[in-house]
Each structure stands twice: as structure tokens, then as C-alpha cells.
file data.pdb (PDB, C-alpha atoms and all ligand atoms)
ATOM      1  CA  MET A   1      11.350  42.734  -2.563  1.00  0.00           C
ATOM      2  CA  THR A   2      10.280  39.417  -1.130  1.00  0.00           C
ATOM      3  CA  GLU A   3       8.013  37.324  -3.249  1.00  0.00           C
ATOM      4  CA  LYS A   4       4.698  36.534  -1.652  1.00  0.00           C
ATOM      5  CA  PRO A   5       4.355  32.848  -0.766  1.00  0.00           C
ATOM      6  CA  LYS A   6       2.636  30.796  -3.394  1.00  0.00           C
ATOM      7  CA  ILE A   7      -0.241  28.425  -2.914  1.00  0.00           C
ATOM      8  CA  VAL A   8       1.225  24.936  -3.176  1.00  0.00           C
ATOM      9  CA  VAL A   9      -0.806  22.396  -5.134  1.00  0.00           C
ATOM     10  CA  GLY A  10       0.246  18.840  -4.284  1.00  0.00           C
ATOM     11  CA  VAL A  11      -0.423  16.674  -7.309  1.00  0.00           C
ATOM     12  CA  ASP A  12      -0.432  12.878  -7.359  1.00  0.00           C
ATOM     13  CA  LEU A  13       0.740  11.181 -10.557  1.00  0.00           C
ATOM     14  CA  ASP A  14      -0.798   7.721 -10.946  1.00  0.00           C
ATOM     15  CA  GLY A  15      -4.495   7.947 -11.655  1.00  0.00           C
ATOM     16  CA  VAL A  16      -4.375  11.754 -11.669  1.00  0.00           C
ATOM     17  CA  CYS A  17      -1.826  12.887 -14.280  1.00  0.00           C
ATOM     18  CA  ALA A  18      -0.967   9.489 -15.737  1.00  0.00           C
ATOM     19  CA  ASP A  19      -3.462   6.838 -16.806  1.00  0.00           C
ATOM     20  CA  PHE A  20      -2.109   4.171 -14.462  1.00  0.00           C
ATOM     21  CA  TYR A  21      -5.118   1.865 -14.661  1.00  0.00           C
ATOM     22  CA  GLY A  22      -5.372   2.054 -18.451  1.00  0.00           C
ATOM     23  CA  ARG A  23      -1.728   1.099 -18.976  1.00  0.00           C
ATOM     24  CA  MET A  24      -1.673  -1.441 -16.140  1.00  0.00           C
ATOM     25  CA  ARG A  25      -4.666  -3.162 -17.695  1.00  0.00           C
ATOM     26  CA  GLU A  26      -2.681  -3.809 -20.894  1.00  0.00           C
ATOM     27  CA  ILE A  27       0.326  -5.043 -18.930  1.00  0.00           C
ATOM     28  CA  ALA A  28      -1.823  -7.220 -16.639  1.00  0.00           C
ATOM     29  CA  ALA A  29      -3.447  -8.819 -19.706  1.00  0.00           C
ATOM     30  CA  GLU A  30       0.036  -9.743 -20.897  1.00  0.00           C
ATOM     31  CA  TRP A  31       1.118 -10.903 -17.432  1.00  0.00           C
ATOM     32  CA  PHE A  32      -1.878 -13.203 -16.999  1.00  0.00           C
ATOM     33  CA  GLU A  33      -1.984 -14.090 -20.726  1.00  0.00           C
ATOM     34  CA  LYS A  34      -5.615 -13.089 -20.985  1.00  0.00           C
ATOM     35  CA  PRO A  35      -7.372 -11.151 -23.735  1.00  0.00           C
ATOM     36  CA  LEU A  36      -7.553  -7.468 -22.837  1.00  0.00           C
ATOM     37  CA  GLU A  37     -11.378  -7.563 -23.015  1.00  0.00           C
ATOM     38  CA  ASP A  38     -11.435 -10.068 -20.149  1.00  0.00           C
ATOM     39  CA  LEU A  39     -10.109  -7.420 -17.802  1.00  0.00           C
ATOM     40  CA  PRO A  40     -12.837  -4.924 -16.858  1.00  0.00           C
ATOM     41  CA  ALA A  41     -11.821  -1.302 -17.315  1.00  0.00           C
ATOM     42  CA  ASP A  42     -13.546  -0.425 -14.051  1.00  0.00           C
ATOM     43  CA  VAL A  43     -11.260  -1.852 -11.420  1.00  0.00           C
ATOM     44  CA  SER A  44     -10.919  -1.300  -7.696  1.00  0.00           C
ATOM     45  CA  TYR A  45      -7.798  -0.494  -5.730  1.00  0.00           C
ATOM     46  CA  GLY A  46      -5.643  -3.650  -5.559  1.00  0.00           C
ATOM     47  CA  LEU A  47      -6.778  -4.878  -9.019  1.00  0.00           C
ATOM     48  CA  ARG A  48      -8.670  -7.956  -7.807  1.00  0.00           C
ATOM     49  CA  GLU A  49     -11.123  -7.817 -10.758  1.00  0.00           C
ATOM     50  CA  TRP A  50      -8.135  -8.644 -12.968  1.00  0.00           C
ATOM     51  CA  GLY A  51      -7.118 -11.646 -10.885  1.00  0.00           C
ATOM     52  CA  VAL A  52      -4.587 -10.065  -8.534  1.00  0.00           C
ATOM     53  CA  GLN A  53      -5.154 -11.913  -5.276  1.00  0.00           C
ATOM     54  CA  ASP A  54      -2.805 -10.445  -2.731  1.00  0.00           C
ATOM     55  CA  ARG A  55      -0.074  -7.947  -2.029  1.00  0.00           C
ATOM     56  CA  ASN A  56       2.690 -10.318  -3.229  1.00  0.00           C
ATOM     57  CA  GLN A  57       1.027 -10.795  -6.592  1.00  0.00           C
ATOM     58  CA  TYR A  58       0.435  -7.082  -6.867  1.00  0.00           C
ATOM     59  CA  GLU A  59       4.111  -6.409  -6.221  1.00  0.00           C
ATOM     60  CA  SER A  60       5.242  -9.026  -8.787  1.00  0.00           C
ATOM     61  CA  LEU A  61       2.992  -7.545 -11.446  1.00  0.00           C
ATOM     62  CA  HIS A  62       4.099  -4.037 -10.540  1.00  0.00           C
ATOM     63  CA  ARG A  63       7.793  -4.984 -10.678  1.00  0.00           C
ATOM     64  CA  PHE A  64       7.279  -6.589 -14.113  1.00  0.00           C
ATOM     65  CA  ALA A  65       5.377  -3.517 -15.287  1.00  0.00           C
ATOM     66  CA  VAL A  66       8.053  -1.036 -14.239  1.00  0.00           C
ATOM     67  CA  THR A  67      11.219  -3.016 -15.021  1.00  0.00           C
ATOM     68  CA  GLN A  68      10.110  -4.893 -18.164  1.00  0.00           C
ATOM     69  CA  ARG A  69       7.432  -2.692 -19.687  1.00  0.00           C
ATOM     70  CA  GLY A  70       8.549   0.788 -18.659  1.00  0.00           C
ATOM     71  CA  LEU A  71       5.250   1.451 -16.886  1.00  0.00           C
ATOM     72  CA  PHE A  72       6.171   4.913 -15.618  1.00  0.00           C
ATOM     73  CA  SER A  73       7.409   6.111 -18.988  1.00  0.00           C
ATOM     74  CA  SER A  74       4.700   4.519 -21.117  1.00  0.00           C
ATOM     75  CA  MET A  75       1.446   5.606 -19.465  1.00  0.00           C
ATOM     76  CA  PRO A  76      -0.754   7.943 -21.488  1.00  0.00           C
ATOM     77  CA  MET A  77      -1.315  11.354 -19.938  1.00  0.00           C
ATOM     78  CA  ILE A  78      -4.780  11.957 -18.524  1.00  0.00           C
ATOM     79  CA  PRO A  79      -6.287  14.573 -20.856  1.00  0.00           C
ATOM     80  CA  GLY A  80      -6.111  18.120 -19.514  1.00  0.00           C
ATOM     81  CA  ALA A  81      -3.237  17.534 -17.066  1.00  0.00           C
ATOM     82  CA  ARG A  82      -0.698  19.484 -19.117  1.00  0.00           C
ATOM     83  CA  LYS A  83      -3.060  22.280 -20.115  1.00  0.00           C
ATOM     84  CA  PHE A  84      -4.546  22.943 -16.687  1.00  0.00           C
ATOM     85  CA  LEU A  85      -1.364  22.439 -14.658  1.00  0.00           C
ATOM     86  CA  ARG A  86       0.348  24.915 -16.943  1.00  0.00           C
ATOM     87  CA  LYS A  87      -2.559  27.314 -16.496  1.00  0.00           C
ATOM     88  CA  LEU A  88      -2.347  26.994 -12.703  1.00  0.00           C
ATOM     89  CA  SER A  89       1.430  27.395 -12.790  1.00  0.00           C
ATOM     90  CA  ASP A  90       1.169  30.491 -15.000  1.00  0.00           C
ATOM     91  CA  GLU A  91      -1.379  31.944 -12.588  1.00  0.00           C
ATOM     92  CA  GLY A  92       1.099  31.686  -9.726  1.00  0.00           C
ATOM     93  CA  TYR A  93       0.416  28.352  -8.049  1.00  0.00           C
ATOM     94  CA  ARG A  94       3.395  26.225  -7.126  1.00  0.00           C
ATOM     95  CA  ILE A  95       3.018  22.712  -8.554  1.00  0.00           C
ATOM     96  CA  ARG A  96       4.481  20.050  -6.297  1.00  0.00           C
ATOM     97  CA  ILE A  97       4.327  16.492  -7.642  1.00  0.00           C
ATOM     98  CA  ILE A  98       3.904  13.935  -4.843  1.00  0.00           C
ATOM     99  CA  THR A  99       4.077  10.249  -5.660  1.00  0.00           C
ATOM    100  CA  HIS A 100       4.548   7.008  -3.785  1.00  0.00           C
ATOM    101  CA  ARG A 101       6.210   5.242  -6.701  1.00  0.00           C
ATOM    102  CA  LEU A 102       9.142   3.883  -4.679  1.00  0.00           C
ATOM    103  CA  PHE A 103       7.038   1.503  -2.623  1.00  0.00           C
ATOM    104  CA  ILE A 104       8.788  -1.592  -3.986  1.00  0.00           C
ATOM    105  CA  HIS A 105      12.537  -1.781  -3.314  1.00  0.00           C
ATOM    106  CA  TYR A 106      15.519  -2.238  -5.649  1.00  0.00           C
ATOM    107  CA  PHE A 107      14.429  -0.569  -8.845  1.00  0.00           C
ATOM    108  CA  HIS A 108      14.289   2.979  -7.635  1.00  0.00           C
ATOM    109  CA  ALA A 109      16.762   4.289 -10.222  1.00  0.00           C
ATOM    110  CA  SER A 110      14.589   3.257 -13.141  1.00  0.00           C
ATOM    111  CA  SER A 111      11.385   4.343 -11.359  1.00  0.00           C
ATOM    112  CA  VAL A 112      12.787   7.844 -10.816  1.00  0.00           C
ATOM    113  CA  GLN A 113      14.288   8.063 -14.288  1.00  0.00           C
ATOM    114  CA  GLN A 114      11.096   6.946 -16.005  1.00  0.00           C
ATOM    115  CA  THR A 115       9.138   9.441 -13.917  1.00  0.00           C
ATOM    116  CA  VAL A 116      11.228  12.516 -14.737  1.00  0.00           C
ATOM    117  CA  GLU A 117      11.391  11.572 -18.401  1.00  0.00           C
ATOM    118  CA  TRP A 118       7.637  11.137 -18.508  1.00  0.00           C
ATOM    119  CA  LEU A 119       7.048  14.506 -16.812  1.00  0.00           C
ATOM    120  CA  ASP A 120       9.361  16.292 -19.254  1.00  0.00           C
ATOM    121  CA  SER A 121       8.119  14.552 -22.369  1.00  0.00           C
ATOM    122  CA  HIS A 122       4.505  15.351 -21.484  1.00  0.00           C
ATOM    123  CA  GLY A 123       5.306  18.970 -20.692  1.00  0.00           C
ATOM    124  CA  ILE A 124       4.007  18.815 -17.122  1.00  0.00           C
ATOM    125  CA  PRO A 125       5.172  21.933 -15.260  1.00  0.00           C
ATOM    126  CA  TYR A 126       6.428  21.432 -11.698  1.00  0.00           C
ATOM    127  CA  TRP A 127       8.858  22.912  -9.199  1.00  0.00           C
ATOM    128  CA  ASP A 128       9.140  20.079  -6.722  1.00  0.00           C
ATOM    129  CA  LEU A 129       9.103  16.319  -7.078  1.00  0.00           C
ATOM    130  CA  CYS A 130       8.547  14.289  -3.917  1.00  0.00           C
ATOM    131  CA  PHE A 131       8.697  10.512  -3.696  1.00  0.00           C
ATOM    132  CA  MET A 132       6.804  10.063  -0.446  1.00  0.00           C
ATOM    133  CA  LYS A 133       4.395   7.709   1.205  1.00  0.00           C
ATOM    134  CA  GLU A 134       3.341  10.173   3.901  1.00  0.00           C
ATOM    135  CA  LYS A 135       1.890  12.761   1.607  1.00  0.00           C
ATOM    136  CA  GLU A 136       0.605  14.917   4.463  1.00  0.00           C
ATOM    137  CA  GLN A 137       4.230  15.615   5.433  1.00  0.00           C
ATOM    138  CA  VAL A 138       4.879  17.303   2.128  1.00  0.00           C
ATOM    139  CA  GLY A 139       3.047  20.432   3.128  1.00  0.00           C
ATOM    140  CA  ALA A 140       0.759  21.363   0.276  1.00  0.00           C
ATOM    141  CA  ASP A 141      -2.197  23.745   0.602  1.00  0.00           C
ATOM    142  CA  ILE A 142      -4.400  21.754  -1.773  1.00  0.00           C
ATOM    143  CA  TYR A 143      -3.971  18.086  -2.676  1.00  0.00           C
ATOM    144  CA  ILE A 144      -5.182  16.294  -5.791  1.00  0.00           C
ATOM    145  CA  GLU A 145      -5.300  12.569  -5.195  1.00  0.00           C
ATOM    146  CA  ASP A 146      -7.191   9.463  -6.349  1.00  0.00           C
ATOM    147  CA  THR A 147      -6.342   6.700  -3.851  1.00  0.00           C
ATOM    148  CA  PRO A 148      -9.141   6.323  -1.275  1.00  0.00           C
ATOM    149  CA  ASP A 149      -6.826   5.656   1.713  1.00  0.00           C
ATOM    150  CA  ASN A 150      -4.609   8.621   0.898  1.00  0.00           C
ATOM    151  CA  ILE A 151      -7.601  10.919   0.528  1.00  0.00           C
ATOM    152  CA  ALA A 152      -9.002   9.735   3.866  1.00  0.00           C
ATOM    153  CA  GLN A 153      -5.653  10.250   5.616  1.00  0.00           C
ATOM    154  CA  LEU A 154      -5.167  13.722   4.213  1.00  0.00           C
ATOM    155  CA  ARG A 155      -8.720  14.818   5.012  1.00  0.00           C
ATOM    156  CA  GLU A 156      -8.455  13.403   8.553  1.00  0.00           C
ATOM    157  CA  ARG A 157      -5.605  15.823   9.104  1.00  0.00           C
ATOM    158  CA  GLY A 158      -7.710  18.690   7.866  1.00  0.00           C
ATOM    159  CA  LEU A 159      -5.866  18.995   4.562  1.00  0.00           C
ATOM    160  CA  HIS A 160      -7.982  20.121   1.635  1.00  0.00           C
ATOM    161  CA  THR A 161      -8.013  17.241  -0.839  1.00  0.00           C
ATOM    162  CA  ILE A 162      -9.726  17.085  -4.198  1.00  0.00           C
ATOM    163  CA  CYS A 163     -10.597  13.526  -5.179  1.00  0.00           C
ATOM    164  CA  PHE A 164      -9.738  12.867  -8.811  1.00  0.00           C
ATOM    165  CA  ALA A 165     -12.576  10.548  -9.790  1.00  0.00           C
ATOM    166  CA  ASN A 166     -11.968   7.064 -11.146  1.00  0.00           C
ATOM    167  CA  SER A 167     -13.387   3.571 -10.603  1.00  0.00           C
ATOM    168  CA  THR A 168     -11.296   3.031  -7.431  1.00  0.00           C
ATOM    169  CA  ASN A 169     -12.842   5.931  -5.513  1.00  0.00           C
ATOM    170  CA  THR A 170     -16.542   6.123  -6.429  1.00  0.00           C
ATOM    171  CA  HIS A 171     -17.460   6.080  -2.706  1.00  0.00           C
ATOM    172  CA  ILE A 172     -15.365   9.137  -1.824  1.00  0.00           C
ATOM    173  CA  GLN A 173     -17.218  12.327  -0.926  1.00  0.00           C
ATOM    174  CA  MET A 174     -16.853  15.820  -2.397  1.00  0.00           C
ATOM    175  CA  PRO A 175     -14.860  17.714  -3.360  1.00  0.00           C
ATOM    176  CA  ARG A 176     -14.494  15.520  -6.431  1.00  0.00           C
ATOM    177  CA  ALA A 177     -13.317  16.333  -9.927  1.00  0.00           C
ATOM    178  CA  SER A 178     -13.982  14.107 -12.905  1.00  0.00           C
ATOM    179  CA  SER A 179     -11.746  16.097 -15.257  1.00  0.00           C
ATOM    180  CA  TRP A 180      -8.769  18.432 -15.125  1.00  0.00           C
ATOM    181  CA  GLU A 181     -11.044  21.293 -16.048  1.00  0.00           C
ATOM    182  CA  GLU A 182     -12.984  20.643 -12.847  1.00  0.00           C
ATOM    183  CA  VAL A 183      -9.749  20.428 -10.860  1.00  0.00           C
ATOM    184  CA  TYR A 184      -8.801  23.854 -12.183  1.00  0.00           C
ATOM    185  CA  PHE A 185     -12.179  25.247 -11.202  1.00  0.00           C
ATOM    186  CA  LEU A 186     -12.063  23.728  -7.687  1.00  0.00           C
ATOM    187  CA  VAL A 187      -8.484  24.906  -7.051  1.00  0.00           C
ATOM    188  CA  ASN A 188      -9.418  28.436  -8.032  1.00  0.00           C
ATOM    189  CA  ASN A 189     -12.463  28.291  -5.760  1.00  0.00           C
ATOM    190  CA  ARG A 190     -10.290  27.217  -2.862  1.00  0.00           C
ATOM    191  CA  LYS A 191      -7.858  30.049  -3.541  1.00  0.00           C
ATOM    192  CA  GLY A 192     -10.431  32.573  -2.376  1.00  0.00           C
ATOM    193  CA  TYR A 193     -10.587  30.790   0.973  1.00  0.00           C
ATOM    194  CA  LEU A 194      -6.807  30.506   1.335  1.00  0.00           C
ATOM    195  CA  ILE A 195      -5.960  34.125   0.628  1.00  0.00           C
ATOM    196  CA  GLY A 196      -8.961  35.337   2.624  1.00  0.00           C
TER
HETATM  197 MG    MG B 201      -2.698   7.902  -7.428  1.00  0.00          MG
END
call {"tool": "encode", "arguments": {"input": "data.pdb", "output": "C-alpha cells", "more": "lines below"}}
Ligand SMILES: [Mg+2]
result
Amino acid sequence: MTEKPKIVVGVDLDGVCADFYGRMREIAAEWFEKPLEDLPADVSYGLREWGVQDRNQYESLHRFAVTQRGLFSSMPMIPGARKFLRKLSDEGYRIRIITHRLFIHYFHASSVQQTVEWLDSHGIPYWDLCFMKEKEQVGADIYIEDTPDNIAQLRERGLHTICFANSTNTHIQMPRASSWEEVYFLVNNRKGYLIG
């Protein structure tokens, strides 16, 4: 008997499963030697509110964060990610993690290692793990993503993308979810459309 194909849910990590901005804020405070309170919690993509001025600075801070502070293994989980991904997985969805964490060269080994350790230690269920910039090429039926440019690109190609709400994407249109419970609800709603 052939198994019927599963609905693939493409799940971003940073800002969706892992509290990237919360942990980066602590590391950026250290990097700039500023009190944590001086860095606003509501930040936009690129971190300019914290004093990051350009792409080079962003990359330096990011490299420091990953190689010296274990960024990818030390981020708190966004509440609900484990519970609702497990629920979706148990209900027959195929969880495919899609992340663009290898965008800076020469520390890929530790980026990948920190990522898989983090996923295991937080009990996040998944079948596939893709380190990809071009997320649309991954072939998911439903995407969950927080970066405005990625959401725009995916939606332009007609791919159903749920925006996981945070301070970087307040201008992005529906469908939006401000919690994992809402993601679960929206994914289930979409299922009806996908299976007809
Ligand atoms: Mg993200």
C-alpha cells in the first residue's frame, strides 16, 4: 500500500521557532558594550536600532554571536513551537525545517552542529532539514516565515505563507500568526483547501 503524500509544512527557525531577536539583543549589548536596556526590544530587520549600520557590521556581529556565543544553540525556544509542531506532525503533516543560517562563510560546521543540537534538545519534530537561501525551491505546501523579504518572495510565487508576527514584519499582510497556536489553526484551515 502506498502512503498518501503528506502536506509539507516548511518552517523557518530564526524568529519563528527560536527567539533570534531576544538572544541577539543580549549578544549585541555585549558586542557594543551597552546596557541591555539601551537596546529596544522592538527592532527592525538589519538591527539598526541597536547600532548596526551596514551589512559588514551585521556579519561581524553575527559571526561573533555564532562562533563565540553559540547563538544557534543558546536561543530560547519560542513558546508553543514544540507543542504545536508535534501536534501537526502527529496529525500527519510533514515538518520540513528551512533555514538560511549558512549565509556567512567558514563556520558552517558549527552552525549546522548547533542547529541540530538545538532542534533535538528542544524536542522539535522534523523529517527534513534544509539550509537554503531560496526557500521557494524547497517545495513546501505551506510556509511559516518571519522575514519580510522572504515572505514577499514566496507569496509572489503563489506559495501560501503564514507570517509569524514580530517587530520586523508589522507591515506584512495576512495571513499572520502571533502565536504557535494561531499557526496551528491557520495550517489546519489551509489543509481543507489543499486536500479539496
Ligand atoms: Mg526567520
call {"tool": "atom_distance", "arguments": {"input": "data.pdb", "atom1": "atom CA of A:Val16", "atom2": "atom CA of A:Phe164"}}
result
6.2 Å
call {"tool": "residues_around", "arguments": {"input": "data.pdb", "residues": "A:Leu186", "least_positions_apart": "4", "cutoff": "9 Å", "atoms": "all atoms listed in the file", "output": "list in words"}}
result
Ile162, Pro175, Arg176, Ala177, Glu181, Glu182, Arg190 and Lys191 of chain A
call {"tool": "residues_near_ligand", "arguments": {"input": "data.pdb", "ligand": "ligand MG 201 (chain B)", "cutoff": "9 Å", "atoms": "all atoms listed in the file", "output": "list in words"}}
result
Asp12, Leu13, Asp14, Gly15, Val16, Cys17, Ala18, Phe20, Thr99, His100, Ile144, Glu145, Asp146, Thr147, Asn150 and Phe164 of chain A
call {"tool": "residues_around", "arguments": {"input": "data.pdb", "residues": "stretch 61-74 of chain A", "least_positions_apart": "5", "cutoff": "9 Å", "atoms": "only C-alpha atoms", "output": "CSV table (one decimal) with C-alpha atoms, in the frame of the given file"}}
result
chain,number,residue,atom,x,y,z
A,14,ASP,CA,-0.8,7.7,-10.9
A,18,ALA,CA,-1.0,9.5,-15.7
A,20,PHE,CA,-2.1,4.2,-14.5
A,23,ARG,CA,-1.7,1.1,-19.0
A,24,MET,CA,-1.7,-1.4,-16.1
A,27,ILE,CA,0.3,-5.0,-18.9
A,28,ALA,CA,-1.8,-7.2,-16.6
A,31,TRP,CA,1.1,-10.9,-17.4
A,52,VAL,CA,-4.6,-10.1,-8.5
A,56,ASN,CA,2.7,-10.3,-3.2
A,101,ARG,CA,6.2,5.2,-6.7
A,104,ILE,CA,8.8,-1.6,-4.0
A,107,PHE,CA,14.4,-0.6,-8.8
A,110,SER,CA,14.6,3.3,-13.1
A,111,SER,CA,11.4,4.3,-11.4
A,112,VAL,CA,12.8,7.8,-10.8
A,113,GLN,CA,14.3,8.1,-14.3
A,114,GLN,CA,11.1,6.9,-16.0
A,115,THR,CA,9.1,9.4,-13.9
A,116,VAL,CA,11.2,12.5,-14.7
A,117,GLU,CA,11.4,11.6,-18.4
A,118,TRP,CA,7.6,11.1,-18.5
A,119,LEU,CA,7.0,14.5,-16.8
call {"tool": "atom_distance", "arguments": {"input": "data.pdb", "atom1": "atom CA of A:Phe103", "atom2": "atom CA of A:Tyr126"}}
result
21.9 Å
call {"tool": "resolve_selection", "arguments": {"input": "data.pdb", "expression": "the PyMOL selection byres (((chain A and resi 85-98) around 8) and not hetatm)", "output": "PyMOL selection string"}}
result
chain A and resi 6-13+81-84+99-100+124-132+135+138+140+184
call {"tool": "write_last_selection", "arguments": {"input": "data.pdb", "atoms": "C-alpha atoms", "output": "compact mmCIF listing (two decimals), keeping the file's coordinate frame"}}
result
# COMPACT_ATOMS: atom_id res chain seq x y z
CA LYS A 6 2.64 30.80 -3.39
CA ILE A 7 -0.24 28.42 -2.91
CA VAL A 8 1.23 24.94 -3.18
CA VAL A 9 -0.81 22.40 -5.13
CA GLY A 10 0.25 18.84 -4.28
CA VAL A 11 -0.42 16.67 -7.31
CA ASP A 12 -0.43 12.88 -7.36
CA LEU A 13 0.74 11.18 -10.56
CA ALA A 81 -3.24 17.53 -17.07
CA ARG A 82 -0.70 19.48 -19.12
CA LYS A 83 -3.06 22.28 -20.11
CA PHE A 84 -4.55 22.94 -16.69
CA THR A 99 4.08 10.25 -5.66
CA HIS A 100 4.55 7.01 -3.78
CA ILE A 124 4.01 18.82 -17.12
CA PRO A 125 5.17 21.93 -15.26
CA TYR A 126 6.43 21.43 -11.70
CA TRP A 127 8.86 22.91 -9.20
CA ASP A 128 9.14 20.08 -6.72
CA LEU A 129 9.10 16.32 -7.08
CA CYS A 130 8.55 14.29 -3.92
CA PHE A 131 8.70 10.51 -3.70
CA MET A 132 6.80 10.06 -0.45
CA LYS A 135 1.89 12.76 1.61
CA VAL A 138 4.88 17.30 2.13
CA ALA A 140 0.76 21.36 0.28
CA TYR A 184 -8.80 23.85 -12.18
call {"tool": "closest_residue", "arguments": {"input": "data.pdb", "among": "A:Val187, A:Cys163, A:Gly80, A:Leu102", "to": "A:Ile142", "atoms": "all atoms listed in the file"}}
result
A:Val187
call {"tool": "resolve_selection", "arguments": {"input": "data.pdb", "expression": "the PyMOL selection byres (((chain A and resi 170) around 12) and not hetatm)", "output": "list of chain:residue names"}}
result
A:Asp42, A:Val43, A:Ser44, A:Tyr45, A:Asp146, A:Thr147, A:Pro148, A:Cys163, A:Phe164, A:Ala165, A:Asn166, A:Ser167, A:Thr168, A:Asn169, A:His171, A:Ile172, A:Gln173, A:Met174, A:Arg176, A:Ala177, A:Ser178
call {"tool": "atom_distance", "arguments": {"input": "data.pdb", "atom1": "atom CA of A:Gln53", "atom2": "atom CA of A:Leu39"}}
result
14.2 Å
call {"tool": "resolve_selection", "arguments": {"input": "data.pdb", "expression": "the PyMOL selection byres (((chain A and resi 136) around 8) and not hetatm)", "output": "list in words"}}
result
Glu134, Lys135, Gln137, Val138, Gly139, Ala140, Gln153, Leu154, Arg157 and Leu159 of chain A
call {"tool": "closest_residue", "arguments": {"input": "data.pdb", "among": "A:Ile78, A:Asp38, A:Glu156, A:Gly51", "to": "A:Asp19", "atoms": "all atoms listed in the file"}}
result
A:Ile78
call {"tool": "closest_residue", "arguments": {"input": "data.pdb", "among": "A:Ala109, A:Leu47, A:Leu194, A:Met77", "to": "A:Ala29", "atoms": "all atoms listed in the file"}}
result
A:Leu47
